[in-house]
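Report on one structure; see the data block that follows.
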Amino acid sequence: MKKGLKVVLLVIGGLIVLVALAAAVVSFRGIPKYEAKKVDVKIEYTQARIDNGAKLASMLCRSCHYNEQTHRFTGRELTEVTQFGKIYSKNITSHADAGIGKWTDGELVAFLRTGTKPNGQYVPPYMPKLVHISDEDMSSIIAFLRSDNEWVKAEPTKQPECDPSFLTKFLTNIGAFKPFDYPEKPIPQPDTTNPVKHGEYIALYQLECYACHSKDFAKNDYLVPSKSEGFFGGGNKMFDMEGKPISTLNITMDKRTGIGNWTEEEFVKAIKFGQLPANQPGLRYPMIPYSNLTDKEARAIYAYIKTVPVIENAVERKGAE
Ligand code: HEC
Ligand code: HEC
């Protein structure tokens with residue numbers, strides 16, 4: 001064999017061994033750990049906060065943590081995110097062992113903002129993080145988790161450990177998915193007297209409509225949402241509970257491919273009850289009916305979306321009968 005060829009083969013052989021080794025390391029290491037942020041907070045569990053927290057949890061946590069058998073937030077298998085592996089949401093009732101009864105308020109806040117659990121375990125994007133939600137809304141969610149609301153009453157049902165796919169392990173190990181930094185400054189409440197500002201807060205920072213309604217989760221800018229690719233132009237490919245593909249729709253005000261011809265009333269009906277204009281079939285999971293939004297909040301989202309740059313992007317609504 002020629003010397004040059006031998007060297008090439010050796011190099012290729014070496015590379016294969018290296019890749020195999022790297023794969024073995026990634027598989028073995030699993031999802032990396034990080035240092036959890038120490039947050040020192042003392043949250044008052046007022047009734048107003050518990051009520052606001054229950055409302056937020058109905059829109060932000062219920063779809064993944066509610067269990068049909070126990071009727072509580074004991075978690076379930078997330079059959080809609082199989083691309084990430086065999087993923088189970090956890091028991092987040094106040095049960096001391098099965099749930100989060102032993103977590104401090106600071107540990108909960110740190111985890112919900114950054115994605116790192118008290119033991120350092122990082123949770124990839126199959127659980128969204130509340131990077132920008134106001135401190136007051138965050139306190140409300142914690143007050144709710146501590147309350148005697150039926151959803152979070154102590155219940156011992158446990159879920160199996162997650163078994164993330166190789167891709168998830170790989171992407172977390174190269175740092176493509178990693179914890180968010182803890183906010184440096186306090187995050188105030190939005191100005192609710194200004195509909196556009198109020199709607200912007202809900203659509204970007206509280207309920208994060210843009211995260212699903214832009215082009216691709218991987219191309220979102222979670223720190224500056226408006227820089228996300230195809231901002232509100234839809235086309236993000238997701239899965240329903242049976243694992244069948246479903247795309248998010250264009251909700252910019254483009255008249256042909258978006259919702260530019262909708263009235264404010266039609267918009268409110270669609271997002272609160274999943275009902276579409278002109279007798280079209282209703283909206284399907286993972287678009288949940290945001291029935292706990294007040295009409296003022298739903299109209300504020302509409303006012304804000306009217307200010308979003310229009311994108312022409314026709315997304316086919318497949319499989320809706
Ligand atoms: C898209 C699905 C999804 C949504 C929405 C979601 N979670 Fe989770 N959550 C998960 C998954 C999956 C895990 C398990 C991750 C793991 O252990 O690796 C989890 C884990 C947790 C844990 C850690 C529990 C433990 O014992 O380790 C807490 C606390 C939690 N979620 C709270 C919340 C709260 C509060 C909300 C709403 C503000 C919420 N989650 C919304 C999917 C979700
Ligand atoms: C978890 C992902 C997700 C989130 C978060 C989400 N949506 Fe959706 N949305 C979808 C999907 C998927 C569809 C398409 C449903 C279908 O085809 O039946 C949809 C459809 C819609 C439609 C119907 C558009 C049309 O042309 O028929 C509107 C309006 C809408 N969403 C607004 C919102 C608003 C406002 C928010 C935030 C309060 C939001 N969505 C949050 C996934 C999401």
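Chains: A, B, ... in order of the structure tokens. Residues: from 1 per chain. Ligands: from 1, in order shown.
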
task = Could you give me the residues within 6 Å of ligand 2, counting only C-alpha atoms and all ligand atoms, as a PyMOL selection string?
result = chain A and resi 203+207-209+212+246-249+251+259+267+270-271+283-284+286-287+317

For N, CA and C atoms, I'd like the residues from the last selection saved as a PDB file, in the first residue's frame.
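Saved as out_15.pdb:
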ATOM      1  N   ALA A 203     -47.780  37.900  25.397  1.00  0.00           N
ATOM      2  CA  ALA A 203     -47.433  37.088  24.219  1.00  0.00           C
ATOM      3  C   ALA A 203     -45.954  36.709  24.165  1.00  0.00           C
ATOM      4  N   LEU A 207     -46.919  34.104  28.535  1.00  0.00           N
ATOM      5  CA  LEU A 207     -47.408  32.855  27.942  1.00  0.00           C
ATOM      6  C   LEU A 207     -46.578  32.427  26.738  1.00  0.00           C
ATOM      7  N   GLU A 208     -45.672  33.287  26.316  1.00  0.00           N
ATOM      8  CA  GLU A 208     -44.703  32.959  25.264  1.00  0.00           C
ATOM      9  C   GLU A 208     -45.334  32.350  24.008  1.00  0.00           C
ATOM     10  N   CYS A 209     -46.369  33.019  23.489  1.00  0.00           N
ATOM     11  CA  CYS A 209     -47.016  32.556  22.255  1.00  0.00           C
ATOM     12  C   CYS A 209     -45.994  32.472  21.111  1.00  0.00           C
ATOM     13  N   CYS A 212     -43.907  29.055  20.204  1.00  0.00           N
ATOM     14  CA  CYS A 212     -44.492  28.051  19.313  1.00  0.00           C
ATOM     15  C   CYS A 212     -44.784  28.640  17.937  1.00  0.00           C
ATOM     16  N   ILE A 246     -47.957  18.350  13.640  1.00  0.00           N
ATOM     17  CA  ILE A 246     -48.901  19.468  13.501  1.00  0.00           C
ATOM     18  C   ILE A 246     -48.066  20.749  13.486  1.00  0.00           C
ATOM     19  N   SER A 247     -48.406  21.655  12.545  1.00  0.00           N
ATOM     20  CA  SER A 247     -47.618  22.888  12.443  1.00  0.00           C
ATOM     21  C   SER A 247     -48.353  24.035  13.100  1.00  0.00           C
ATOM     22  N   THR A 248     -47.598  24.961  13.670  1.00  0.00           N
ATOM     23  CA  THR A 248     -48.231  26.167  14.201  1.00  0.00           C
ATOM     24  C   THR A 248     -48.573  27.074  13.016  1.00  0.00           C
ATOM     25  N   LEU A 249     -49.547  27.955  13.214  1.00  0.00           N
ATOM     26  CA  LEU A 249     -50.034  28.779  12.108  1.00  0.00           C
ATOM     27  C   LEU A 249     -49.478  30.193  12.185  1.00  0.00           C
ATOM     28  N   ILE A 251     -49.721  33.795  12.665  1.00  0.00           N
ATOM     29  CA  ILE A 251     -50.684  34.692  13.321  1.00  0.00           C
ATOM     30  C   ILE A 251     -50.239  36.158  13.240  1.00  0.00           C
ATOM     31  N   ILE A 259     -53.677  36.221   9.946  1.00  0.00           N
ATOM     32  CA  ILE A 259     -55.016  36.459  10.478  1.00  0.00           C
ATOM     33  C   ILE A 259     -55.453  37.912  10.246  1.00  0.00           C
ATOM     34  N   PHE A 267     -60.629  36.746  17.111  1.00  0.00           N
ATOM     35  CA  PHE A 267     -59.346  36.403  17.734  1.00  0.00           C
ATOM     36  C   PHE A 267     -59.567  35.951  19.179  1.00  0.00           C
ATOM     37  N   ALA A 270     -61.041  32.536  19.320  1.00  0.00           N
ATOM     38  CA  ALA A 270     -60.089  31.487  18.928  1.00  0.00           C
ATOM     39  C   ALA A 270     -59.152  31.160  20.087  1.00  0.00           C
ATOM     40  N   ILE A 271     -58.580  32.176  20.704  1.00  0.00           N
ATOM     41  CA  ILE A 271     -57.566  31.835  21.713  1.00  0.00           C
ATOM     42  C   ILE A 271     -58.189  31.416  23.041  1.00  0.00           C
ATOM     43  N   LEU A 283     -59.453  24.508  17.038  1.00  0.00           N
ATOM     44  CA  LEU A 283     -58.003  24.410  17.191  1.00  0.00           C
ATOM     45  C   LEU A 283     -57.623  23.191  18.021  1.00  0.00           C
ATOM     46  N   ARG A 284     -56.538  22.554  17.619  1.00  0.00           N
ATOM     47  CA  ARG A 284     -56.134  21.293  18.249  1.00  0.00           C
ATOM     48  C   ARG A 284     -54.886  21.440  19.106  1.00  0.00           C
ATOM     49  N   PRO A 286     -51.201  21.004  20.267  1.00  0.00           N
ATOM     50  CA  PRO A 286     -50.860  21.669  21.541  1.00  0.00           C
ATOM     51  C   PRO A 286     -51.320  23.117  21.681  1.00  0.00           C
ATOM     52  N   MET A 287     -52.196  23.618  20.801  1.00  0.00           N
ATOM     53  CA  MET A 287     -52.782  24.941  21.044  1.00  0.00           C
ATOM     54  C   MET A 287     -53.896  24.720  22.058  1.00  0.00           C
ATOM     55  N   ARG A 317     -52.908  23.708   7.051  1.00  0.00           N
ATOM     56  CA  ARG A 317     -53.467  23.165   8.288  1.00  0.00           C
ATOM     57  C   ARG A 317     -53.870  21.720   8.017  1.00  0.00           C
TER      58      ARG A 317
END

task = Please check which protein, DNA or RNA residues sit within 8 Å of ligand 1, counting only C-alpha atoms and all ligand atoms, and write them as an NGL selection string.
result = :A and (56-57 or 59-65 or 75 or 78 or 87-92 or 98-100 or 108 or 111-112 or 117 or 121-130 or 141-142 or 145 or 161-162)

Please save C-alpha atoms of the selected residues as a short mmCIF file (atom, residue, chain, number, x, y, z; two decimals), in the first residue's frame.
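And here's part-v6.cif as it stands now:
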data_model
loop_
_atom_site.label_atom_id
_atom_site.label_comp_id
_atom_site.auth_asym_id
_atom_site.auth_seq_id
_atom_site.Cartn_x
_atom_site.Cartn_y
_atom_site.Cartn_z
CA LEU A 56 -51.15 31.00 35.25
CA ALA A 57 -50.59 27.31 36.03
CA MET A 59 -52.13 27.95 31.01
CA LEU A 60 -48.42 27.27 31.68
CA CYS A 61 -48.09 24.00 33.61
CA ARG A 62 -51.32 22.03 33.35
CA SER A 63 -50.86 20.74 29.79
CA CYS A 64 -47.73 18.80 30.83
CA HIS A 65 -48.07 18.12 34.56
CA GLY A 75 -47.02 14.22 35.82
CA LEU A 78 -45.06 13.30 27.30
CA ILE A 87 -39.83 11.91 28.65
CA TYR A 88 -41.99 12.09 31.76
CA SER A 89 -43.04 15.27 33.48
CA LYS A 90 -42.75 15.02 37.24
CA ASN A 91 -45.00 15.02 40.28
CA ILE A 92 -45.09 18.68 41.36
CA ALA A 98 -42.86 12.13 45.36
CA GLY A 99 -43.42 15.85 44.80
CA ILE A 100 -41.74 19.16 45.54
CA LEU A 108 -38.23 26.56 42.76
CA PHE A 111 -35.23 26.12 38.59
CA LEU A 112 -38.20 27.74 36.82
CA LYS A 117 -32.57 21.71 39.66
CA GLN A 121 -29.46 18.50 37.06
CA TYR A 122 -30.27 20.55 33.95
CA VAL A 123 -33.63 20.01 32.23
CA PRO A 124 -33.54 20.45 28.41
CA PRO A 125 -36.24 22.39 26.48
CA TYR A 126 -38.89 19.69 27.00
CA MET A 127 -39.72 21.83 30.01
CA PRO A 128 -39.94 25.54 29.05
CA LYS A 129 -38.25 28.06 31.35
CA LEU A 130 -39.84 31.28 32.57
CA ILE A 141 -46.89 30.48 40.68
CA ILE A 142 -44.92 29.53 43.80
CA LEU A 145 -47.72 25.38 44.22
CA GLU A 161 -37.00 8.81 35.28
CA CYS A 162 -36.67 10.42 31.83
#

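Assigned to strand (DSSP E or B) in segment 169-284 of chain A, given DSSP computed from backbone atoms, are A:Lys237, A:Met238, A:Phe239, A:Pro245, A:Ile246, A:Ser247.
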
Could the residues in this selection be saved with N, CA, C and O atoms as a JSON list (two decimals), in the first residue's frame?
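Result written to selection.json:
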[["chain", "number", "residue", "atom", "x", "y", "z"],
["A", 237, "LYS", "N", -42.80, 23.00, 13.50],
["A", 237, "LYS", "CA", -43.37, 21.64, 13.46],
["A", 237, "LYS", "C", -43.37, 21.03, 14.85],
["A", 237, "LYS", "O", -42.35, 20.93, 15.49],
["A", 238, "MET", "N", -44.58, 20.64, 15.28],
["A", 238, "MET", "CA", -44.72, 20.07, 16.61],
["A", 238, "MET", "C", -45.46, 18.74, 16.46],
["A", 238, "MET", "O", -45.75, 18.31, 15.36],
["A", 239, "PHE", "N", -45.78, 18.12, 17.59],
["A", 239, "PHE", "CA", -46.49, 16.84, 17.57],
["A", 239, "PHE", "C", -47.68, 16.89, 18.50],
["A", 239, "PHE", "O", -47.64, 17.55, 19.52],
["A", 245, "PRO", "N", -47.55, 14.78, 13.42],
["A", 245, "PRO", "CA", -47.05, 16.14, 13.25],
["A", 245, "PRO", "C", -48.18, 17.17, 13.11],
["A", 245, "PRO", "O", -49.23, 16.88, 12.53],
["A", 246, "ILE", "N", -47.96, 18.35, 13.64],
["A", 246, "ILE", "CA", -48.90, 19.47, 13.50],
["A", 246, "ILE", "C", -48.07, 20.75, 13.49],
["A", 246, "ILE", "O", -47.11, 20.88, 14.24],
["A", 247, "SER", "N", -48.41, 21.66, 12.55],
["A", 247, "SER", "CA", -47.62, 22.89, 12.44],
["A", 247, "SER", "C", -48.35, 24.04, 13.10],
["A", 247, "SER", "O", -49.58, 24.09, 13.08]]

inquiry  = Residues near segment 216-223 of chain A, anyone? I mean within 9 Å using only C-alpha atoms, not counting same-chain ones fewer than 5 positions away, as a VMD selection string.
reply    = chain A and resid 131 to 132 180 210 to 211 228 to 231 234 to 237

task = Using only C-alpha atoms, determine which residues lie at most 12 Å from segment 47-50 of chain A, disregarding the query and same-chain residues fewer than 6 positions distant; provide the list as a PyMOL selection string.
result = chain A and resi 56-57+135-149+152

Write a file of the just-selected residues containing N, CA, C and O atoms, as a compact mmCIF listing (two decimals), in the first residue's frame.
# COMPACT_ATOMS: atom_id res chain seq x y z
N LEU A 56 -52.35 31.16 36.08
CA LEU A 56 -51.15 31.00 35.25
C LEU A 56 -50.81 29.52 35.05
O LEU A 56 -50.47 29.08 33.95
N ALA A 57 -50.93 28.74 36.13
CA ALA A 57 -50.59 27.31 36.03
C ALA A 57 -51.55 26.59 35.08
O ALA A 57 -51.16 25.63 34.41
N ASP A 135 -41.53 39.18 38.38
CA ASP A 135 -41.30 38.59 39.71
C ASP A 135 -42.63 38.33 40.42
O ASP A 135 -42.76 37.35 41.14
N GLU A 136 -43.59 39.22 40.18
CA GLU A 136 -44.89 39.06 40.83
C GLU A 136 -45.59 37.79 40.31
O GLU A 136 -46.12 37.01 41.09
N ASP A 137 -45.58 37.59 38.99
CA ASP A 137 -46.20 36.38 38.43
C ASP A 137 -45.45 35.13 38.92
O ASP A 137 -46.07 34.09 39.19
N MET A 138 -44.13 35.22 39.02
CA MET A 138 -43.35 34.08 39.52
C MET A 138 -43.77 33.77 40.95
O MET A 138 -44.02 32.61 41.31
N SER A 139 -43.89 34.82 41.78
CA SER A 139 -44.31 34.60 43.18
C SER A 139 -45.69 33.96 43.23
O SER A 139 -45.97 33.13 44.09
N SER A 140 -46.55 34.36 42.28
CA SER A 140 -47.90 33.79 42.25
C SER A 140 -47.85 32.29 41.96
O SER A 140 -48.58 31.51 42.56
N ILE A 141 -46.99 31.90 41.02
CA ILE A 141 -46.89 30.48 40.68
C ILE A 141 -46.40 29.68 41.90
O ILE A 141 -46.94 28.62 42.21
N ILE A 142 -45.43 30.23 42.61
CA ILE A 142 -44.92 29.53 43.80
C ILE A 142 -46.03 29.45 44.86
O ILE A 142 -46.25 28.39 45.47
N ALA A 143 -46.73 30.58 45.08
CA ALA A 143 -47.81 30.59 46.08
C ALA A 143 -48.86 29.53 45.73
O ALA A 143 -49.36 28.82 46.61
N PHE A 144 -49.16 29.41 44.45
CA PHE A 144 -50.11 28.38 44.01
C PHE A 144 -49.59 26.97 44.31
O PHE A 144 -50.31 26.12 44.82
N LEU A 145 -48.29 26.72 43.99
CA LEU A 145 -47.72 25.38 44.22
C LEU A 145 -47.78 25.00 45.70
O LEU A 145 -47.84 23.83 46.05
N ARG A 146 -47.76 26.01 46.57
CA ARG A 146 -47.79 25.77 48.02
C ARG A 146 -49.21 25.71 48.58
O ARG A 146 -49.40 25.49 49.76
N SER A 147 -50.21 25.99 47.74
CA SER A 147 -51.57 26.16 48.24
C SER A 147 -52.28 24.83 48.40
O SER A 147 -51.74 23.78 48.07
N ASP A 148 -53.54 24.87 48.88
CA ASP A 148 -54.29 23.61 48.99
C ASP A 148 -55.21 23.41 47.78
O ASP A 148 -56.18 22.67 47.84
N ASN A 149 -54.87 24.04 46.66
CA ASN A 149 -55.58 23.81 45.41
C ASN A 149 -55.55 22.31 45.07
O ASN A 149 -54.52 21.66 45.26
N VAL A 152 -52.55 20.51 43.28
CA VAL A 152 -51.21 20.33 43.87
C VAL A 152 -51.25 19.74 45.28
O VAL A 152 -50.24 19.76 45.99

ask   = If you run DSSP on the backbone, which residues of segment 75-217 of chain A are alpha helix (DSSP H), as an MDAnalysis selection string?
value = chainID A and resid 105:114 135:145 166:173 195:200 209:213

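In this model, the gap between atom CA of Tyr45 of chain A and atom CA of Asn67 of chain A comes to 24.9 Å.
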
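Residues with any atom within 7 Å of Gly274 of chain A, counting only C-alpha atoms and excluding same-chain neighbours fewer than 5 positions away, are Lys269, Gly282, Leu283 and Pro289 of chain A.
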
ask   = At what distance in Å, to one decimal, does atom CA of Tyr205 of chain A lie from atom CA of Glu184 of chain A?
value =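 Atom CA of Glu184 of chain A sits 16.0 Å away from atom CA of Tyr205 of chain A.
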
ask   = If we count only C-alpha atoms, what is near Tyr182 of chain A at a cut-off of 9 Å, once residues fewer than 5 positions away on the same chain are taken out, given as JSON, numbers by chain?
value = {"A": [37, 110, 113, 114, 131]}

Those residues you just picked out, can you put them in a file as a PDB file, in the first residue's frame with N, CA and C atoms?
ATOM      1  N   LYS A  37     -28.235  28.055  40.849  1.00  0.00           N
ATOM      2  CA  LYS A  37     -28.184  29.409  41.402  1.00  0.00           C
ATOM      3  C   LYS A  37     -28.851  29.409  42.791  1.00  0.00           C
ATOM      4  N   ALA A 110     -35.336  29.451  41.187  1.00  0.00           N
ATOM      5  CA  ALA A 110     -34.092  29.260  40.417  1.00  0.00           C
ATOM      6  C   ALA A 110     -34.309  28.249  39.299  1.00  0.00           C
ATOM      7  N   ARG A 113     -36.638  29.594  36.420  1.00  0.00           N
ATOM      8  CA  ARG A 113     -35.989  30.602  35.571  1.00  0.00           C
ATOM      9  C   ARG A 113     -34.851  30.017  34.743  1.00  0.00           C
ATOM     10  N   THR A 114     -34.008  29.173  35.355  1.00  0.00           N
ATOM     11  CA  THR A 114     -32.780  28.759  34.659  1.00  0.00           C
ATOM     12  C   THR A 114     -32.858  27.359  34.051  1.00  0.00           C
ATOM     13  N   VAL A 131     -38.129  32.660  31.599  1.00  0.00           N
ATOM     14  CA  VAL A 131     -36.966  33.537  31.642  1.00  0.00           C
ATOM     15  C   VAL A 131     -37.348  34.974  31.992  1.00  0.00           C
TER      16      VAL A 131
END

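The nearest approach to Lys178 of chain A among the residues A:Gly115, A:Arg72, A:Glu77, A:Gln275, with only C-alpha atoms taken into account, belongs to A:Gly115.
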
If we count only C-alpha atoms and set the cut-off at 9 Å, which residues sit around segment 293-308 of chain A, ignoring sequence neighbours fewer than 3 positions away in its own chain? Please answer as an mmCIF file with N, CA and C atoms, in the first residue's frame.
data_model
loop_
_atom_site.group_PDB
_atom_site.id
_atom_site.type_symbol
_atom_site.label_atom_id
_atom_site.label_comp_id
_atom_site.auth_asym_id
_atom_site.auth_seq_id
_atom_site.Cartn_x
_atom_site.Cartn_y
_atom_site.Cartn_z
ATOM 1 N N LYS A 55 -54.387 30.520 37.935
ATOM 2 C CA LYS A 55 -54.734 30.905 36.563
ATOM 3 C C LYS A 55 -53.520 30.703 35.633
ATOM 4 N N MET A 59 -52.564 27.673 32.387
ATOM 5 C CA MET A 59 -52.128 27.954 31.014
ATOM 6 C C MET A 59 -50.668 27.560 30.769
ATOM 7 N N THR A 192 -50.425 47.666 32.529
ATOM 8 C CA THR A 192 -51.663 47.069 32.018
ATOM 9 C C THR A 192 -52.664 48.117 31.518
ATOM 10 N N ASN A 194 -51.752 50.124 29.135
ATOM 11 C CA ASN A 194 -51.382 50.280 27.735
ATOM 12 C C ASN A 194 -51.553 48.916 27.051
ATOM 13 N N PRO A 195 -52.639 48.748 26.244
ATOM 14 C CA PRO A 195 -52.937 47.421 25.684
ATOM 15 C C PRO A 195 -51.767 46.807 24.915
ATOM 16 N N VAL A 196 -51.033 47.605 24.143
ATOM 17 C CA VAL A 196 -49.943 47.032 23.348
ATOM 18 C C VAL A 196 -48.849 46.484 24.273
ATOM 19 N N LYS A 197 -48.485 47.271 25.279
ATOM 20 C CA LYS A 197 -47.453 46.830 26.236
ATOM 21 C C LYS A 197 -47.921 45.609 27.031
ATOM 22 N N HIS A 198 -49.179 45.660 27.429
ATOM 23 C CA HIS A 198 -49.749 44.558 28.194
ATOM 24 C C HIS A 198 -49.745 43.275 27.347
ATOM 25 N N GLY A 199 -50.194 43.416 26.100
ATOM 26 C CA GLY A 199 -50.254 42.266 25.195
ATOM 27 C C GLY A 199 -48.865 41.734 24.871
ATOM 28 N N GLU A 200 -47.907 42.638 24.726
ATOM 29 C CA GLU A 200 -46.529 42.221 24.448
ATOM 30 C C GLU A 200 -46.016 41.364 25.617
ATOM 31 N N TYR A 201 -46.301 41.817 26.827
ATOM 32 C CA TYR A 201 -45.864 41.058 28.008
ATOM 33 C C TYR A 201 -46.448 39.639 27.969
ATOM 34 N N ILE A 202 -47.753 39.533 27.715
ATOM 35 C CA ILE A 202 -48.389 38.208 27.730
ATOM 36 C C ILE A 202 -47.838 37.331 26.608
ATOM 37 N N ALA A 203 -47.780 37.900 25.397
ATOM 38 C CA ALA A 203 -47.433 37.088 24.219
ATOM 39 C C ALA A 203 -45.954 36.709 24.165
ATOM 40 N N SER A 226 -38.192 38.997 19.797
ATOM 41 C CA SER A 226 -38.515 39.561 18.486
ATOM 42 C C SER A 226 -37.448 39.240 17.446
ATOM 43 N N PHE A 231 -40.675 35.356 13.233
ATOM 44 C CA PHE A 231 -41.398 35.792 14.440
ATOM 45 C C PHE A 231 -42.912 35.875 14.180
ATOM 46 N N PHE A 232 -43.667 35.003 14.801
ATOM 47 C CA PHE A 232 -45.127 34.895 14.709
ATOM 48 C C PHE A 232 -45.628 34.446 13.328
ATOM 49 N N ILE A 251 -49.721 33.795 12.665
ATOM 50 C CA ILE A 251 -50.684 34.692 13.321
ATOM 51 C C ILE A 251 -50.239 36.158 13.240
ATOM 52 N N THR A 252 -49.415 36.467 12.205
ATOM 53 C CA THR A 252 -49.194 37.887 11.919
ATOM 54 C C THR A 252 -50.419 38.361 11.124
ATOM 55 N N MET A 253 -50.503 39.669 10.910
ATOM 56 C CA MET A 253 -51.702 40.242 10.285
ATOM 57 C C MET A 253 -51.674 40.178 8.755
ATOM 58 N N GLY A 260 -54.921 38.498 9.157
ATOM 59 C CA GLY A 260 -55.208 39.904 8.851
ATOM 60 C C GLY A 260 -56.677 40.210 8.607
ATOM 61 N N GLU A 264 -61.297 41.459 16.014
ATOM 62 C CA GLU A 264 -60.801 41.275 17.380
ATOM 63 C C GLU A 264 -61.632 40.192 18.087
ATOM 64 N N GLU A 265 -62.942 40.217 17.843
ATOM 65 C CA GLU A 265 -63.827 39.248 18.496
ATOM 66 C C GLU A 265 -63.495 37.807 18.077
ATOM 67 N N PHE A 267 -60.629 36.746 17.111
ATOM 68 C CA PHE A 267 -59.346 36.403 17.734
ATOM 69 C C PHE A 267 -59.567 35.951 19.179
ATOM 70 N N VAL A 268 -60.358 36.717 19.914
ATOM 71 C CA VAL A 268 -60.615 36.401 21.322
ATOM 72 C C VAL A 268 -61.254 35.011 21.439
ATOM 73 N N LYS A 269 -62.217 34.729 20.565
ATOM 74 C CA LYS A 269 -62.907 33.439 20.581
ATOM 75 C C LYS A 269 -61.945 32.290 20.260
ATOM 76 N N ILE A 271 -58.580 32.176 20.704
ATOM 77 C CA ILE A 271 -57.566 31.835 21.713
ATOM 78 C C ILE A 271 -58.189 31.416 23.041
ATOM 79 N N LYS A 272 -59.403 31.895 23.344
ATOM 80 C CA LYS A 272 -60.008 31.489 24.617
ATOM 81 C C LYS A 272 -60.728 30.141 24.506
ATOM 82 N N TYR A 290 -57.060 29.074 25.930
ATOM 83 C CA TYR A 290 -56.624 29.918 27.062
ATOM 84 C C TYR A 290 -57.859 30.516 27.724
ATOM 85 N N ILE A 311 -45.664 38.834 8.159
ATOM 86 C CA ILE A 311 -44.868 37.846 7.420
ATOM 87 C C ILE A 311 -45.807 37.092 6.498
#

task = Choose the residue, out of A:Arg29, A:Lys86, A:Lys227, A:Lys3, that has the smallest atom-to-atom separation from Ser214 of chain A; count only C-alpha atoms.
result =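 Counting only C-alpha atoms, the residue closest to Ser214 of chain A is A:Lys227.
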
ask   = Of the candidates A:Gly85, A:Gly53, A:Pro156, A:Pro183, which shows the shortest atom-to-atom distance to Val39 of chain A, using only C-alpha atoms?
value = A:Pro183
